[in-house]
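Participant: Before we start, here is the structure in question, set down as C-alpha cells.
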Amino acid sequence: MLELAHLTAGYPGRPPVLRDACLTIAPGEAVGLQGPSGCGKSTLARVAALLHRPDHGTVTVDGHRVHGWRHRAPRSLRTRIGVVFQQPRQSADPRLTLADVIAEPLRANGRRAEVPDRLPELSRSVGLTDELLTRRPHEVSDGQLQRACLARALALEPRWLVCDEMTSMLDASTTAALVGAVESYRTRTGAGLLAVSHDDELLTRWCDRTVTLAAGAAGSAGAAGSAKDLDTWTS
Amino acid sequence: MSPRPVTGQPTTPGPAADTRGDPSPPTDPRPVLSLRHLTVTFRMRGGRAVRAVNDIDLDLAAGECLALVGESGCGKSVLASALLGLLPGNAVVSGTALVHSPGTPTAPLDVLSAPEKTLATRVRGRLIGLVPQSPAAHLTPVRTVRSQLAETVRELHGTPRAELRAATERAAARAAFPPDHLDHYPHQLSGGLAQRAATAAALVGDAPLLLADEPTTGLDRDLVEHTVDELRRHADAGRAVLIVTHDLVAAERVADRVAVMYAGRIVEIAPAPSFFGEPGPRHPYAHGLLQALPSRTFVPVPGMPPELSRLPTGCAFAPRCGRATAQCTTTLPAFTDGTACHHA
C-alpha cells in the first residue's frame, strides 16, 4: 500500500497548497489524479515520491512509515518509487548519453554490474533504438528523451510509479506508446501507479479510478467508486 | 462560438471581412500567408545536414485558423521560427513565405529573404504576432504587465506619453485582460491571465497573421479551451491564425483546416470537420495519429519518426506504414489533392 494521510504541504512564505489530503493506493492499482492548474497535484505527487517534505501528515510505503524526504529518505524506500516528470529536458542531465541517463539509478545503487544486461531490455521496453542510446539529450526529440526518462524510472523495478504529467508535452502517438510501456511494466511486476494529469480522457482510459483535487473546495473521488474512495480533498 | 466556416481551397479568402460588418475595404483575394517550397536545413558538424522543413506549400487566408499538427520533432516549431527569422545561424532557408496585409496596397513581403532590419521594423509584431508557448517565460518577471504592454504599444505605434496609459488599457482590453490586473507582475497572474497578457502584446501591432507556437502546452483542459477560444475569436475578427500544436483535441476545437506534418513534410491538409469526423484522415500517418488519442483506440503509431538527417528515399512514413508497397520505398509521393500518399 502507498498511503498518504492528512497531508498538508506547501512552499515557504505561502499558504499551503495542500490541506489535509488523503489518498491510498493499493498494490497494483492505478490511480489518476486530476485538477485545475495550481491545485497541488504536483505537490502531492512530489510528496508521494518522497521528494517534498509535507508540513503535516504521514506517508506510509508498503507498511514503512516515511520519516525522511529527498536525500534523507532511506534508500530502501526511495528505490521502491520510480518518478517520471513533465519536462524531460529539465529532468535529464544534458551531459549524459541516453544510455547513461537510463543506467544512472543502477550505478547510483551499486548495481553497475547489471547495466550490460538491463540496458538493452529497458531501452527496448520503452521503444528506444540502440542508435539513440549513444546520443545526448539535445540530439533527440522531447518524445525520445521522455522515453529514456521512463526507462530510467523503471531501472530499479520500483513497486510504485509516480507519473507527474508524463505525457502533457507529447503528441498523441508518443503518449499512447509511453502509457503502453508503463502498463506492460505494471502487468509484469504488479506495480502501483499514481498518474497526475489534467487530461480527463487520458486518465479515464489509463487508470482504475480517478480522484479530483479541487482548488478552494472539497473535491470528489470518482470513477470506480470503491469503498476506499473515502478521500476528501480541501485546499 | 459562431459556426465556423470551412475553407476548402487554400486560396479562398476567409469570410471575416464580410461578417465583421464594419466598413472595411473589399475582400482581398490574396492570402495572408503563402508558403512555396519552404525548406529549412540545419548544417551540422561533419557535413551532416538535417532537413527539418521540407518543401512546404501552404496558403492561409484572413479569418481562417489552421492547425499544424504532428509528432514531436517533426519540424512544426522550426517552420514557425523560420517565419519570424528566429532560426539559429546554422539554418539554411529556401523557398518563399509571402505575408500580405489584407486591404493595404503594399505588395506581399517575403519574410524569408527580408533582412534583419526589415524583420525587426516591419514583420515581428506588425505583420506577424507571436503567441508564445509559455507566457510565464515570455513575459519579463521583473516588470508589471502594464509596463511591458506600454513598451510594446510605444514601440509599435510611437504613442506619445500622454496617451500611452489609455492606449495600453485599450490594448489589454482587446485580449480581455482585466484592467485591474495591469499592475501585477507575471508571477502574480494565473496561467490564463498570463496567456492573455502575452496575447495582448501579440495583438498590439494589428498583425494580420497570428502565429501560436504550442499555445496550450502544460495548461489544464479548461485553460486550453479558453486559450484556443480566444485564438478562434481573433480568427473570427479577420486575422489569419496559424496554430502549431501537438494537441489534437485543441486543434479540433479551434481549426478550420488541419495540416499534418511528418518528417518535415506536410502529408495531409483537410478541413477540420472531415478530418476529425467523417470521412476522417486519408493519410495513414494522420489516421494513426488520430487513432492514438485516448478517446479513440489509444494505440500508438508503431515505431518512431525517421531521423531528419537520414530520410528514406521514398515516403518517409513507409517503414511504419501498414499499407506500404514497393512503390512507397522508392518513390516520394507528390502532394496532390490534399494528401501525399500513393494509396490514399
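By convention here, the chains of the C-alpha cells are called A, B, ... in the order presented, each chain's residues are numbered starting at 1, and ligands are numbered starting at 1 in the order presented.
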Using only C-alpha atoms, I'd like a table of the residues in region 120-215 of chain A that come within 8 Å of region 80-88 of chain A; for each, show the closest atom pair and its distance in Å rounded to one decimal, ordered by chain and ascending number, as CSV.

Facilitator:
residue,atom,partner,partner_atom,distance
A:Asp142,CA,A:Pro88,CA,6.6
A:Leu145,CA,A:Pro88,CA,6.0
A:Gln146,CA,A:Pro88,CA,5.2
A:Cys149,CA,A:Val84,CA,6.4
A:Leu150,CA,A:Val84,CA,6.0
A:Ala153,CA,A:Gly82,CA,4.6
A:Leu154,CA,A:Gly82,CA,6.4
A:Leu156,CA,A:Arg80,CA,7.8
A:Glu157,CA,A:Arg80,CA,7.6
A:Pro158,CA,A:Arg80,CA,4.4
A:Arg159,CA,A:Arg80,CA,5.1
A:Trp160,CA,A:Ile81,CA,4.7
A:Leu161,CA,A:Gly82,CA,4.8
A:Val162,CA,A:Val83,CA,4.8
A:Cys163,CA,A:Val84,CA,4.8
A:Asp164,CA,A:Phe85,CA,5.1
A:Glu165,CA,A:Gln86,CA,4.8
A:Met166,CA,A:Gln86,CA,4.7
A:Thr167,CA,A:Gln86,CA,6.8
A:Ser168,CA,A:Gln86,CA,6.7
A:Met169,CA,A:Gln86,CA,7.0

Participant: Just list as a PyMOL selection string whatever in region 3-234 of chain A DSSP marks as helix (DSSP H, G or I).

Facilitator: chain A and resi 41-48+70-72+75-78+88-91+98-108+112-125+130-133+137-139+142-154+172-189+200-206

Participant: Would you list which chain A residues are within 6 Å of chain B using only C-alpha atoms, as a PyMOL selection string?

Facilitator: chain A and resi 36-37+141+168+171-173+176-177+198+202

Participant: Could you state the separation of CA of Arg143 (chain B) and CA of Leu193 (chain B) in Å, given to one decimal place?

Facilitator: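 So the answer is 15.4 Å.
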
Participant: To test your reading of the structure, identify every residue in region 70-122 of chain B that backbone DSSP assigns to strand (DSSP E or B), and report it as a CSV table (one decimal) with N, CA, C and O atoms, in the first residue's frame.

Facilitator:
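Dumped everything to states_16.csv:
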chain,number,residue,atom,x,y,z
B,91,ALA,N,21.1,27.5,-39.8
B,91,ALA,CA,19.9,27.1,-40.6
B,91,ALA,C,20.0,27.8,-42.0
B,91,ALA,O,20.4,28.9,-42.1
B,92,VAL,N,19.8,27.0,-43.0
B,92,VAL,CA,19.7,27.5,-44.4
B,92,VAL,C,18.2,27.4,-44.8
B,92,VAL,O,17.6,26.3,-44.8
B,93,VAL,N,17.7,28.5,-45.2
B,93,VAL,CA,16.3,28.6,-45.6
B,93,VAL,C,16.1,28.8,-47.1
B,93,VAL,O,16.9,29.7,-47.6
B,94,SER,N,15.2,28.1,-47.7
B,94,SER,CA,15.0,28.4,-49.1
B,94,SER,C,13.4,28.4,-49.4
B,94,SER,O,12.7,28.0,-48.5
B,95,GLY,N,13.0,28.8,-50.5
B,95,GLY,CA,11.6,29.0,-50.8
B,95,GLY,C,11.1,30.4,-50.5
B,95,GLY,O,11.9,31.3,-50.3
B,96,THR,N,9.8,30.6,-50.6
B,96,THR,CA,9.3,31.9,-50.3
B,96,THR,C,8.2,31.8,-49.2
B,96,THR,O,7.5,30.7,-49.1
B,97,ALA,N,8.0,32.8,-48.4
B,97,ALA,CA,7.0,32.9,-47.4
B,97,ALA,C,6.4,34.3,-47.5
B,97,ALA,O,7.0,35.2,-46.9
B,98,LEU,N,5.4,34.5,-48.4
B,98,LEU,CA,4.8,35.8,-48.6
B,98,LEU,C,3.8,36.1,-47.5
B,98,LEU,O,2.9,35.3,-47.3
B,99,VAL,N,4.0,37.3,-46.8
B,99,VAL,CA,3.0,37.7,-45.8
B,99,VAL,C,2.4,39.0,-46.4
B,99,VAL,O,3.1,39.9,-46.7
B,109,LEU,N,5.2,40.7,-48.6
B,109,LEU,CA,6.6,40.7,-48.2
B,109,LEU,C,7.1,39.3,-48.0
B,109,LEU,O,6.5,38.5,-47.3
B,110,ASP,N,8.2,39.0,-48.7
B,110,ASP,CA,8.8,37.6,-48.5
B,110,ASP,C,9.7,37.7,-47.2
B,110,ASP,O,10.8,38.3,-47.2

Participant: Any idea what the distance is between CA of Asp20 (chain A) and CA of Leu33 (chain A)?

Facilitator: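 Answer for the CA of Asp20 (chain A) to CA of Leu33 (chain A) separation: 15.8 Å.
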
Participant: Record the distance separating CA of Leu139 (chain B) and CA of Glu151 (chain B), expressed in Å with one decimal.

Facilitator: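 Result for CA of Leu139 (chain B) versus CA of Glu151 (chain B): 12.2 Å, one decimal.
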
Participant: Name all residues at most 6 Å from region 96-101 of chain A (count only C-alpha atoms; drop same-chain ones fewer than 5 positions away) and give them as a ChimeraX atom specification.

Facilitator: /A:133-136
